[in-house]
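Chemist: Have a peek at my_file.txt (compact mmCIF, C-alpha atoms and all ligand atoms).
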# COMPACT_ATOMS: atom_id res chain seq x y z
CA MET A 1 78.12 12.46 -27.53
CA ALA A 2 76.95 15.55 -25.69
CA LYS A 3 78.96 17.09 -22.89
CA ALA A 4 77.58 16.80 -19.38
CA HIS A 5 76.64 20.30 -18.31
CA GLY A 6 77.27 22.05 -15.04
CA GLU A 7 80.70 20.50 -14.44
CA THR A 8 82.72 23.17 -12.70
CA ASN A 9 85.39 21.02 -11.05
CA THR A 10 88.56 21.52 -13.09
CA ALA A 11 89.65 17.94 -12.35
CA SER A 12 86.62 16.66 -14.27
CA ALA A 13 88.09 18.00 -17.53
CA MET A 14 91.06 15.66 -17.18
CA MET A 15 90.92 12.20 -18.71
CA PRO A 16 90.29 10.10 -15.61
CA THR A 17 93.26 7.74 -16.07
CA TYR A 18 94.67 8.23 -12.56
CA ALA A 19 93.36 7.25 -9.13
CA ARG A 20 94.64 10.38 -7.43
CA ALA A 21 94.83 11.04 -3.69
CA ASP A 22 92.78 14.09 -2.72
CA LEU A 23 95.82 16.20 -1.89
CA ALA A 24 97.33 19.14 -3.79
CA PHE A 25 100.68 20.71 -3.10
CA GLU A 26 101.76 24.26 -3.59
CA ARG A 27 105.43 24.21 -2.62
CA GLY A 28 108.29 21.87 -1.95
CA GLU A 29 111.41 22.25 0.17
CA GLY A 30 114.00 19.47 0.10
CA ALA A 31 112.23 16.28 1.20
CA TRP A 32 109.02 18.13 2.13
CA LEU A 33 105.84 18.98 0.26
CA ILE A 34 103.51 21.68 1.53
CA THR A 35 99.79 21.70 0.72
CA THR A 36 97.74 24.67 -0.34
CA THR A 37 96.53 24.80 3.29
CA GLY A 38 100.06 24.79 4.72
CA GLU A 39 100.29 21.17 5.89
CA ARG A 40 103.70 19.53 5.54
CA TYR A 41 104.25 16.01 4.19
CA LEU A 42 107.52 14.09 4.17
CA ASP A 43 107.88 13.14 0.52
CA PHE A 44 109.08 9.54 0.12
CA VAL A 45 107.63 9.42 -3.39
CA ALA A 46 109.75 12.24 -4.83
CA GLY A 47 107.61 12.48 -7.94
CA VAL A 48 108.15 8.72 -8.42
CA ALA A 49 111.95 8.83 -8.19
CA VAL A 50 112.17 12.02 -10.23
CA MET A 51 113.12 14.58 -7.57
CA SER A 52 116.63 13.21 -6.99
CA LEU A 53 117.81 16.52 -5.49
CA GLY A 54 114.58 17.09 -3.55
CA HIS A 55 112.30 20.06 -4.11
CA SER A 56 113.57 23.55 -4.93
CA HIS A 57 117.24 22.59 -4.94
CA PRO A 58 119.00 25.96 -5.34
CA HIS A 59 121.55 24.72 -7.90
CA LEU A 60 118.87 23.21 -10.15
CA VAL A 61 116.49 26.17 -9.73
CA GLU A 62 119.27 28.58 -10.64
CA ALA A 63 120.28 26.56 -13.72
CA ILE A 64 116.70 26.41 -15.02
CA LYS A 65 116.02 30.10 -14.30
CA THR A 66 119.23 31.28 -15.93
CA GLN A 67 118.69 29.13 -19.00
CA ALA A 68 115.00 30.11 -19.36
CA GLU A 69 116.03 33.74 -19.44
CA LYS A 70 118.50 33.04 -22.26
CA LEU A 71 116.99 30.36 -24.49
CA CYS A 72 114.50 27.50 -24.00
CA HIS A 73 114.26 25.69 -27.28
CA THR A 74 115.79 25.72 -30.75
CA SER A 75 115.00 22.20 -32.12
CA ASN A 76 117.49 19.59 -33.23
CA LEU A 77 118.00 21.32 -36.57
CA PHE A 78 120.85 23.13 -34.85
CA ARG A 79 123.70 22.26 -32.51
CA ILE A 80 122.97 22.36 -28.79
CA PRO A 81 126.29 22.88 -26.95
CA ALA A 82 124.86 22.10 -23.49
CA GLY A 83 123.57 18.80 -24.91
CA GLU A 84 126.95 17.99 -26.39
CA ARG A 85 128.40 18.68 -22.95
CA LEU A 86 125.86 16.53 -21.09
CA ALA A 87 126.32 13.67 -23.57
CA LYS A 88 130.11 13.88 -23.17
CA ARG A 89 129.79 13.86 -19.37
CA LEU A 90 127.43 10.85 -19.44
CA THR A 91 129.71 8.90 -21.75
CA ASP A 92 132.78 9.78 -19.66
CA LEU A 93 130.95 8.43 -16.59
CA THR A 94 129.63 5.22 -18.16
CA PHE A 95 130.12 2.37 -20.63
CA ALA A 96 128.48 4.44 -23.38
CA ASP A 97 129.93 6.29 -26.38
CA MET A 98 126.77 8.11 -27.51
CA VAL A 99 123.53 9.51 -26.12
CA PHE A 100 120.08 10.34 -27.54
CA PHE A 101 117.99 12.71 -25.38
CA THR A 102 114.26 12.26 -24.86
CA ASN A 103 111.51 13.80 -22.70
CA SER A 104 110.47 10.70 -20.78
CA GLY A 105 111.37 7.20 -19.75
CA ALA A 106 109.09 5.51 -22.27
CA GLU A 107 110.71 7.49 -25.08
CA ALA A 108 114.16 6.52 -23.81
CA LEU A 109 113.00 2.88 -23.97
CA GLU A 110 111.56 3.36 -27.47
CA CYS A 111 114.97 4.61 -28.57
CA ALA A 112 116.71 1.72 -26.79
CA ILE A 113 114.45 -0.83 -28.50
CA LYS A 114 114.92 0.80 -31.91
CA THR A 115 118.70 1.00 -31.40
CA ALA A 116 118.87 -2.73 -30.55
CA ARG A 117 116.80 -3.69 -33.60
CA LYS A 118 118.73 -1.36 -35.89
CA TYR A 119 122.06 -2.76 -34.71
CA HIS A 120 121.17 -6.21 -36.00
CA ALA A 121 119.67 -4.81 -39.22
CA ALA A 122 122.90 -2.84 -39.79
CA SER A 123 124.82 -6.06 -39.11
CA GLY A 124 122.92 -7.82 -41.91
CA HIS A 125 120.37 -9.52 -39.63
CA PRO A 126 117.10 -7.59 -39.82
CA GLU A 127 115.32 -10.77 -38.69
CA ARG A 128 116.85 -10.37 -35.25
CA TYR A 129 114.39 -7.93 -33.69
CA ARG A 130 113.02 -9.75 -30.64
CA LEU A 131 113.89 -8.81 -27.06
CA ILE A 132 113.62 -11.12 -24.07
CA THR A 133 112.03 -9.38 -21.06
CA PHE A 134 111.15 -10.37 -17.49
CA GLU A 135 107.75 -10.82 -15.91
CA GLY A 136 106.77 -7.88 -13.71
CA ALA A 137 108.73 -5.49 -15.93
CA PHE A 138 107.62 -1.92 -16.40
CA HIS A 139 109.03 0.03 -19.33
CA GLY A 140 106.43 2.74 -19.90
CA ARG A 141 102.97 3.25 -21.42
CA THR A 142 103.57 3.65 -25.15
CA LEU A 143 102.39 0.84 -27.43
CA ALA A 144 105.86 -0.71 -27.72
CA THR A 145 106.72 -0.33 -24.03
CA ILE A 146 103.47 -1.89 -22.79
CA ALA A 147 104.25 -4.84 -25.06
CA ALA A 148 107.78 -4.99 -23.62
CA GLY A 149 106.42 -4.82 -20.06
CA GLY A 150 103.96 -7.58 -20.91
CA GLN A 151 101.48 -6.73 -18.14
CA GLN A 152 97.94 -7.68 -19.17
CA LYS A 153 96.37 -4.83 -17.19
CA TYR A 154 98.22 -2.30 -19.35
CA LEU A 155 97.74 -4.15 -22.68
CA GLU A 156 94.02 -4.86 -22.31
CA GLY A 157 91.82 -3.14 -24.90
CA PHE A 158 94.58 -1.48 -26.88
CA GLY A 159 94.56 -3.87 -29.82
CA PRO A 160 97.21 -6.44 -30.71
CA ALA A 161 100.40 -6.08 -28.66
CA THR A 162 103.37 -4.72 -30.62
CA PRO A 163 105.32 -7.80 -31.71
CA GLY A 164 108.91 -8.50 -30.77
CA PHE A 165 108.94 -9.30 -27.05
CA ASP A 166 109.35 -12.69 -25.36
CA GLN A 167 108.69 -12.70 -21.65
CA VAL A 168 110.17 -15.16 -19.16
CA PRO A 169 109.73 -15.50 -15.37
CA PHE A 170 111.70 -12.93 -13.38
CA GLY A 171 115.36 -13.84 -13.00
CA ASP A 172 114.89 -17.32 -14.51
CA LEU A 173 118.14 -17.75 -16.41
CA GLU A 174 117.24 -21.21 -17.71
CA ALA A 175 114.08 -19.71 -19.23
CA VAL A 176 116.20 -16.95 -20.80
CA LYS A 177 118.44 -19.56 -22.40
CA ALA A 178 115.41 -21.47 -23.69
CA ALA A 179 113.91 -18.28 -25.15
CA ILE A 180 116.99 -17.38 -27.21
CA GLY A 181 116.32 -18.07 -30.89
CA PRO A 182 117.46 -16.97 -34.36
CA GLU A 183 115.30 -13.81 -34.10
CA THR A 184 116.55 -12.71 -30.68
CA ALA A 185 118.18 -9.27 -30.66
CA GLY A 186 118.85 -8.89 -26.96
CA ILE A 187 117.69 -8.97 -23.37
CA LEU A 188 115.88 -5.97 -21.88
CA PHE A 189 115.43 -5.60 -18.13
CA GLU A 190 115.55 -3.40 -15.03
CA PRO A 191 118.43 -4.30 -12.66
CA VAL A 192 115.94 -3.47 -9.88
CA GLN A 193 112.25 -3.64 -10.77
CA GLY A 194 110.39 -0.58 -9.52
CA GLU A 195 106.67 -0.81 -10.36
CA GLY A 196 107.02 -4.60 -10.50
CA GLY A 197 107.59 -4.86 -6.74
CA LEU A 198 111.23 -4.02 -5.88
CA ARG A 199 112.76 -7.25 -7.12
CA SER A 200 116.42 -7.15 -8.07
CA LEU A 201 118.79 -9.35 -10.01
CA SER A 202 121.85 -10.49 -8.07
CA PRO A 203 125.29 -9.43 -9.33
CA ALA A 204 125.91 -13.10 -10.17
CA ASP A 205 122.75 -13.21 -12.33
CA MET A 206 123.73 -9.96 -14.02
CA ARG A 207 127.12 -11.43 -14.89
CA GLU A 208 125.56 -14.62 -16.21
CA LEU A 209 123.16 -12.63 -18.39
CA ARG A 210 126.13 -10.65 -19.72
CA ALA A 211 127.92 -13.91 -20.54
CA LEU A 212 124.80 -15.21 -22.32
CA CYS A 213 124.60 -12.02 -24.39
CA ASP A 214 128.26 -12.32 -25.37
CA GLU A 215 127.91 -15.99 -26.24
CA HIS A 216 124.89 -15.45 -28.49
CA GLY A 217 125.73 -12.04 -29.98
CA LEU A 218 122.84 -10.40 -28.11
CA LEU A 219 122.64 -6.86 -26.83
CA MET A 220 122.13 -6.24 -23.12
CA VAL A 221 119.60 -3.42 -22.87
CA LEU A 222 119.07 -2.02 -19.37
CA ASP A 223 116.17 0.06 -18.14
CA GLU A 224 117.62 2.24 -15.38
CA VAL A 225 114.85 4.83 -15.60
CA GLN A 226 113.96 4.28 -11.94
CA CYS A 227 117.00 2.56 -10.38
CA GLY A 228 119.62 4.76 -12.09
CA THR A 229 120.98 8.26 -11.43
CA GLY A 230 122.33 7.49 -7.96
CA ARG A 231 119.28 5.80 -6.48
CA THR A 232 121.08 2.62 -5.41
CA GLY A 233 124.18 4.47 -4.18
CA LYS A 234 126.14 4.02 -7.41
CA LEU A 235 125.56 6.34 -10.34
CA PHE A 236 123.92 3.39 -12.15
CA ALA A 237 122.61 0.20 -10.55
CA HIS A 238 124.44 -2.19 -12.90
CA GLU A 239 127.75 -0.90 -11.52
CA TRP A 240 127.19 -3.08 -8.42
CA SER A 241 127.67 -6.17 -10.60
CA GLY A 242 130.80 -4.97 -12.41
CA ILE A 243 129.28 -5.61 -15.85
CA THR A 244 128.29 -3.08 -18.48
CA PRO A 245 125.31 -3.12 -20.84
CA ASP A 246 125.33 -2.25 -24.55
CA ILE A 247 122.37 0.10 -24.35
CA MET A 248 120.72 1.80 -21.37
CA ALA A 249 117.59 3.91 -20.96
CA ILE A 250 117.50 6.51 -18.19
CA ALA A 251 115.04 9.26 -17.21
CA LYS A 252 113.24 10.23 -13.96
CA GLY A 253 116.08 11.28 -11.60
CA ILE A 254 118.36 12.68 -14.31
CA GLY A 255 116.05 15.67 -14.85
CA GLY A 256 115.41 16.31 -11.15
CA GLY A 257 111.86 17.39 -12.03
CA PHE A 258 112.45 18.60 -15.57
CA PRO A 259 111.09 16.06 -18.12
CA LEU A 260 114.28 14.44 -19.40
CA GLY A 261 115.31 10.97 -20.51
CA ALA A 262 118.19 9.52 -22.47
CA CYS A 263 119.23 6.43 -24.36
CA LEU A 264 122.92 5.59 -23.97
CA ALA A 265 124.74 3.16 -26.26
CA THR A 266 128.20 1.90 -27.10
CA ALA A 267 129.54 2.91 -30.51
CA GLU A 268 129.02 -0.67 -31.71
CA ALA A 269 125.45 -1.05 -30.42
CA GLY A 270 124.52 2.39 -31.76
CA LYS A 271 126.11 1.90 -35.18
CA GLY A 272 122.78 1.76 -37.00
CA MET A 273 121.43 5.02 -35.57
CA VAL A 274 122.66 7.31 -38.34
CA ALA A 275 121.18 10.63 -39.51
CA GLY A 276 117.45 10.39 -40.13
CA THR A 277 116.83 7.15 -38.21
CA HIS A 278 115.33 8.73 -35.07
CA GLY A 279 114.27 12.10 -33.76
CA SER A 280 112.38 14.22 -31.26
CA THR A 281 111.24 17.83 -31.45
CA TYR A 282 111.77 18.64 -27.78
CA GLY A 283 114.36 15.99 -26.90
CA GLY A 284 117.53 17.51 -25.46
CA ASN A 285 116.48 21.14 -25.77
CA PRO A 286 118.64 23.80 -24.08
CA LEU A 287 116.36 24.07 -21.05
CA ALA A 288 116.34 20.30 -20.47
CA MET A 289 120.11 20.17 -20.94
CA ALA A 290 120.62 22.89 -18.31
CA ALA A 291 118.57 20.80 -15.87
CA GLY A 292 120.40 17.55 -16.71
CA ASN A 293 123.82 19.16 -16.35
CA ALA A 294 122.81 20.69 -13.01
CA VAL A 295 121.57 17.34 -11.64
CA LEU A 296 124.76 15.63 -12.77
CA ASP A 297 126.87 18.35 -11.07
CA ILE A 298 125.46 17.14 -7.76
CA VAL A 299 124.83 13.41 -8.23
CA ALA A 300 127.97 12.37 -10.13
CA ASN A 301 130.06 12.87 -7.04
CA GLU A 302 131.53 10.15 -4.84
CA GLU A 303 130.72 11.99 -1.62
CA PHE A 304 127.10 12.43 -2.65
CA LEU A 305 126.81 8.74 -3.60
CA ALA A 306 128.40 7.76 -0.27
CA HIS A 307 125.63 9.77 1.44
CA VAL A 308 123.02 7.82 -0.55
CA ARG A 309 124.63 4.53 0.54
CA GLN A 310 124.70 5.67 4.17
CA MET A 311 121.03 6.70 4.15
CA SER A 312 120.13 3.45 2.37
CA LEU A 313 121.81 1.39 5.07
CA LEU A 314 120.09 3.30 7.88
CA PHE A 315 116.74 3.08 6.12
CA ARG A 316 117.15 -0.63 5.55
CA GLN A 317 118.09 -1.29 9.19
CA ARG A 318 115.15 0.72 10.49
CA LEU A 319 112.75 -1.04 8.08
CA ALA A 320 114.01 -4.41 9.36
CA GLU A 321 113.27 -3.25 12.92
CA MET A 322 109.78 -2.19 11.86
CA LYS A 323 109.24 -5.63 10.36
CA ASP A 324 110.10 -7.19 13.74
CA ARG A 325 107.81 -4.75 15.58
CA HIS A 326 104.89 -5.12 13.18
CA PRO A 327 104.90 -8.67 11.76
CA ALA A 328 101.13 -8.48 11.11
CA ILE A 329 101.68 -5.60 8.67
CA ILE A 330 105.18 -6.06 7.20
CA GLU A 331 106.00 -9.37 5.53
CA ASP A 332 109.47 -8.68 4.15
CA VAL A 333 111.78 -5.79 3.35
CA ARG A 334 112.76 -5.40 -0.29
CA GLY A 335 114.66 -3.27 -2.77
CA GLU A 336 118.07 -1.66 -3.10
CA GLY A 337 119.42 1.69 -1.97
CA LEU A 338 116.74 4.37 -1.78
CA LEU A 339 114.44 2.27 -3.95
CA THR A 340 113.19 0.24 -1.07
CA GLY A 341 110.10 -0.81 0.85
CA PHE A 342 108.24 -3.88 1.98
CA LYS A 343 105.70 -6.46 1.01
CA ALA A 344 102.63 -5.85 3.17
CA ARG A 345 100.32 -8.39 4.82
CA VAL A 346 97.36 -6.01 4.52
CA PRO A 347 96.44 -4.23 1.24
CA ASN A 348 99.34 -1.91 0.31
CA THR A 349 96.81 0.83 -0.51
CA ASP A 350 95.61 0.71 3.13
CA VAL A 351 99.19 1.08 4.34
CA ILE A 352 99.81 4.01 2.00
CA ALA A 353 96.58 5.72 3.16
CA ALA A 354 97.59 5.17 6.80
CA LEU A 355 101.05 6.61 6.09
CA ARG A 356 99.43 9.63 4.46
CA GLY A 357 97.48 10.04 7.70
CA GLU A 358 100.88 10.35 9.42
CA HIS A 359 102.02 12.83 6.77
CA LEU A 360 104.42 10.44 5.05
CA LEU A 361 104.04 9.86 1.30
CA ALA A 362 104.75 6.44 -0.24
CA VAL A 363 103.74 4.69 -3.47
CA ALA A 364 102.38 1.22 -4.27
CA ALA A 365 104.19 -1.40 -6.35
CA GLY A 366 103.37 -4.90 -7.65
CA HIS A 367 103.09 -7.92 -5.32
CA ASN A 368 101.39 -5.77 -2.65
CA VAL A 369 104.56 -3.80 -2.03
CA VAL A 370 104.79 -0.40 -0.33
CA ARG A 371 107.56 1.53 -2.07
CA PHE A 372 109.66 4.39 -0.69
CA LEU A 373 111.57 6.65 -3.07
CA PRO A 374 112.90 9.52 -0.95
CA PRO A 375 114.94 12.26 -2.60
CA LEU A 376 118.64 11.35 -2.57
CA ILE A 377 119.39 14.39 -0.40
CA ILE A 378 117.40 12.89 2.50
CA SER A 379 118.91 13.44 5.96
CA GLU A 380 119.29 10.98 8.83
CA ALA A 381 116.74 12.98 10.88
CA GLU A 382 114.22 12.68 8.02
CA VAL A 383 114.73 8.91 7.75
CA GLN A 384 114.09 8.67 11.51
CA MET A 385 110.96 10.84 11.19
CA ALA A 386 109.66 8.64 8.39
CA MET A 387 110.18 5.58 10.59
CA ARG A 388 108.20 7.16 13.42
CA SER A 389 105.36 7.77 10.95
CA LEU A 390 105.60 4.18 9.72
CA ASP A 391 105.60 2.90 13.29
CA ALA A 392 102.47 4.93 14.11
CA ALA A 393 100.69 3.91 10.89
CA CYS A 394 101.45 0.21 11.51
CA SER A 395 100.14 0.46 15.09
CA LYS A 396 96.87 1.95 13.83
CA LEU A 397 96.55 -0.71 11.13
CA GLU A 398 97.14 -3.43 13.75
CA ALA A 399 94.49 -1.93 16.01
CA ALA A 400 92.05 -1.96 13.09
CA LEU A 401 92.88 -5.64 12.40
CA THR A 402 91.84 -6.69 15.91
CA LYS A 403 88.53 -4.78 15.81
CA PRO A 404 85.39 -6.65 14.77
CA ALA A 405 84.87 -6.59 11.02
CA ALA A 406 81.56 -4.71 11.34
CA GLU A 407 83.34 -1.54 12.47
C1 LIG B 501 108.77 5.24 -14.96
C2 LIG B 501 109.45 4.17 -15.71
C3 LIG B 501 109.41 4.12 -17.12
C4 LIG B 501 108.58 5.07 -17.93
O1 LIG B 501 108.95 6.40 -17.76
P1 LIG B 501 107.93 7.57 -18.20
O2 LIG B 501 108.74 8.81 -17.99
O3 LIG B 501 106.73 7.47 -17.33
O4 LIG B 501 107.59 7.34 -19.62
C5 LIG B 501 110.13 3.13 -17.75
N1 LIG B 501 110.84 2.23 -17.05
C6 LIG B 501 110.91 2.25 -15.71
C7 LIG B 501 111.75 1.25 -15.00
C8 LIG B 501 110.20 3.20 -14.98
O5 LIG B 501 110.24 3.20 -13.66
Produce structure tokens that represent the structure in this file.
Ligand SMILES: *Cc1c(COP(=O)(O)O)cnc(C)c1O
Modeler:
Amino acid sequence: MAKAHGETNTASAMMPTYARADLAFERGEGAWLITTTGERYLDFVAGVAVMSLGHSHPHLVEAIKTQAEKLCHTSNLFRIPAGERLAKRLTDLTFADMVFFTNSGAEALECAIKTARKYHAASGHPERYRLITFEGAFHGRTLATIAAGGQQKYLEGFGPATPGFDQVPFGDLEAVKAAIGPETAGILFEPVQGEGGLRSLSPADMRELRALCDEHGLLMVLDEVQCGTGRTGKLFAHEWSGITPDIMAIAKGIGGGFPLGACLATAEAGKGMVAGTHGSTYGGNPLAMAAGNAVLDIVANEEFLAHVRQMSLLFRQRLAEMKDRHPAIIEDVRGEGLLTGFKARVPNTDVIAALRGEHLLAVAAGHNVVRFLPPLIISEAEVQMAMRSLDAACSKLEAALTKPAAE
């Protein structure tokens, strides 16, 4: 096929897979993004939960600059001391005994899925390769992770779905029990669904799922790509329930803007992942490890996590007030910590556009949810500012609702 001539817009050379807002940013400062024309937006998207420390955090900037001047990449043919250090820190802070570093969330999930399958193969049960997942799940956009997520809109047109995933209704523990069979390897889920619409499993459900795993010799595989790294006010969301998984995928916030993910596993769950079983050219390179260590310096700190909990509480209270003030727009408040938002009564895309008009950035999620993912360093004043923008946007949306449809 011939190229269309005369296309000068640089955006036209990009595969048009995204419905982008017509906004481009040049700089970021903390919770703020500044456009090429100097307009300031309060960033409650944070690169979709990536910018845990906000924009241009001096500690992270310094770590990346210093490392870039010394050494960016060597490959995994050689030892990477900063990676050994980050892995040790992550295992000291969690249930895990070992870590595999990746460049993205989907790759962290791929490693988690492979680790779970390999565990059973190494235990003499290669037939146990299936994972039970929940409806509304989002685990990434690779062929295996779209199959795990099970959402038709992401599977459509990409050939047969990768086998090995059995989906049950969200949080339906009876359905989980019914789905367990001789080929089941484990249960894979997000403690708090992000893209799926901010639904969370209760601590009691988490404990029951853990008990089911123990009873049936299954691995609990958590996807904390979005809800982990401090976002719920604990370092990892599962900590609220007091249980621990066998395998966990993380990414997004752990890099603070540098592409970084990781798959964490207990020694037992990871026993099949011996030399040669998995790999990545970039995964865990010195530059990524400098970023990950710098993020952890800040986030893995009880005072910092207490700040996240405080801001979460304030945000939640103010959102509940907004629901009372604007019942025609806000149906119910959802989510945990700084992974929060509301189900809207008008199209969520209209709400997000109206918020953008008030210079507040938010992102859509399933079930017509408006999702807020502020950087974890957000201040009380910034939460209050965001609520004033939300208040103004809701008032405008209400005014539009009462106008005749022809307008
Ligand atoms: C974003 C996300 C992923 C995929 O991460 P990528 O870095 O986009 O590959 C997986 N799981 C969850 C819960 C996510 O939010």
Chemist: Which protein, DNA or RNA residues have an atom within 10 Å of ligand LIG 501 (chain B), counting all atoms listed in the file, as a tab-separated table (two decimals) with C-alpha atoms, in the frame of the given file?
Modeler:
chain	number	residue	atom	x	y	z
A	48	VAL	CA	108.15	8.72	-8.42
A	49	ALA	CA	111.95	8.83	-8.19
A	50	VAL	CA	112.17	12.02	-10.23
A	102	THR	CA	114.26	12.26	-24.86
A	103	ASN	CA	111.51	13.80	-22.70
A	104	SER	CA	110.47	10.70	-20.78
A	105	GLY	CA	111.37	7.20	-19.75
A	106	ALA	CA	109.09	5.51	-22.27
A	107	GLU	CA	110.71	7.49	-25.08
A	108	ALA	CA	114.16	6.52	-23.81
A	109	LEU	CA	113.00	2.88	-23.97
A	110	GLU	CA	111.56	3.36	-27.47
A	137	ALA	CA	108.73	-5.49	-15.93
A	138	PHE	CA	107.62	-1.92	-16.40
A	139	HIS	CA	109.03	0.03	-19.33
A	140	GLY	CA	106.43	2.74	-19.90
A	141	ARG	CA	102.97	3.25	-21.42
A	142	THR	CA	103.57	3.65	-25.15
A	145	THR	CA	106.72	-0.33	-24.03
A	146	ILE	CA	103.47	-1.89	-22.79
A	149	GLY	CA	106.42	-4.82	-20.06
A	189	PHE	CA	115.43	-5.60	-18.13
A	190	GLU	CA	115.55	-3.40	-15.03
A	191	PRO	CA	118.43	-4.30	-12.66
A	192	VAL	CA	115.94	-3.47	-9.88
A	193	GLN	CA	112.25	-3.64	-10.77
A	194	GLY	CA	110.39	-0.58	-9.52
A	195	GLU	CA	106.67	-0.81	-10.36
A	196	GLY	CA	107.02	-4.60	-10.50
A	222	LEU	CA	119.07	-2.02	-19.37
A	223	ASP	CA	116.17	0.06	-18.14
A	224	GLU	CA	117.62	2.24	-15.38
A	225	VAL	CA	114.85	4.83	-15.60
A	226	GLN	CA	113.96	4.28	-11.94
A	227	CYS	CA	117.00	2.56	-10.38
A	228	GLY	CA	119.62	4.76	-12.09
A	249	ALA	CA	117.59	3.91	-20.96
A	250	ILE	CA	117.50	6.51	-18.19
A	251	ALA	CA	115.04	9.26	-17.21
A	252	LYS	CA	113.24	10.23	-13.96
A	259	PRO	CA	111.09	16.06	-18.12
A	260	LEU	CA	114.28	14.44	-19.40
A	261	GLY	CA	115.31	10.97	-20.51
Chemist: Need the neighbours of (127.8, 9.8, -2.5): which residues are at most 12 Å away, counting all atoms listed in the file, as JSON, numbers by chain?
Modeler: {"A": [229, 230, 231, 232, 233, 234, 235, 298, 299, 300, 301, 302, 303, 304, 305, 306, 307, 308, 309, 310, 311, 312, 337, 376, 377, 378]}
Chemist: Please produce an output containing C-alpha atoms for each residue in the selection, written as a short mmCIF file (atom, residue, chain, number, x, y, z; two decimals), keeping the file's coordinate frame.
Modeler:
data_model
loop_
_atom_site.label_atom_id
_atom_site.label_comp_id
_atom_site.auth_asym_id
_atom_site.auth_seq_id
_atom_site.Cartn_x
_atom_site.Cartn_y
_atom_site.Cartn_z
CA THR A 229 120.98 8.26 -11.43
CA GLY A 230 122.33 7.49 -7.96
CA ARG A 231 119.28 5.80 -6.48
CA THR A 232 121.08 2.62 -5.41
CA GLY A 233 124.18 4.47 -4.18
CA LYS A 234 126.14 4.02 -7.41
CA LEU A 235 125.56 6.34 -10.34
CA ILE A 298 125.46 17.14 -7.76
CA VAL A 299 124.83 13.41 -8.23
CA ALA A 300 127.97 12.37 -10.13
CA ASN A 301 130.06 12.87 -7.04
CA GLU A 302 131.53 10.15 -4.84
CA GLU A 303 130.72 11.99 -1.62
CA PHE A 304 127.10 12.43 -2.65
CA LEU A 305 126.81 8.74 -3.60
CA ALA A 306 128.40 7.76 -0.27
CA HIS A 307 125.63 9.77 1.44
CA VAL A 308 123.02 7.82 -0.55
CA ARG A 309 124.63 4.53 0.54
CA GLN A 310 124.70 5.67 4.17
CA MET A 311 121.03 6.70 4.15
CA SER A 312 120.13 3.45 2.37
CA GLY A 337 119.42 1.69 -1.97
CA LEU A 376 118.64 11.35 -2.57
CA ILE A 377 119.39 14.39 -0.40
CA ILE A 378 117.40 12.89 2.50
#
Chemist: Considering all atoms listed in the file, can you say which of A:Ala353, A:Leu361, A:Ala344, A:Met248 comes closest to Leu33 of chain A?
Modeler: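 Using all atoms listed in the file, the shortest distance to Leu33 of chain A belongs to A:Leu361.
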Chemist: Select, from A:Leu287, A:Leu319, A:Ala116, A:Val369, the residue with the minimum atom-to-atom distance to His73 of chain A, counting only C-alpha atoms.
Modeler: A:Leu287
Chemist: So, with only C-alpha atoms as the atoms that count, which of A:Ala393, A:Leu218, A:Ala364, A:Leu188 lies closest to Ser123 of chain A?
Modeler: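 Residue with the minimum atom-to-atom distance to Ser123 of chain A: A:Leu218.
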Chemist: Would you please work out which residue, of A:Asp324, A:Asp246, A:Glu29, A:Glu331, is nearest to Thr94 of chain A when using only C-alpha atoms?
Modeler: A:Asp246
Chemist: Could you check the closest approach to Leu71 of chain A for each of A:His125, A:Thr244, A:Arg325, A:Met289 and tell me which residue wins, using all atoms listed in the file?
Modeler: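 Using all atoms listed in the file, Leu71 of chain A sits closest to A:Met289.
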Chemist: Could you jot down the atom CA of Leu264 of chain A to atom CA of Ile247 of chain A separation for me, Å, one decimal place?
Modeler: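 Answer for the atom CA of Leu264 of chain A to atom CA of Ile247 of chain A separation: 5.5 Å.
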Chemist: One decimal, in Å: what's the spacing between atom CA of Leu338 of chain A and atom CA of Phe44 of chain A?
Modeler: 9.4 Å
Chemist: Any idea what the distance is between atom CA of Val99 of chain A and atom CA of Glu268 of chain A?
Modeler: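 Atom CA of Glu268 of chain A lies at a distance of 12.8 Å from atom CA of Val99 of chain A.
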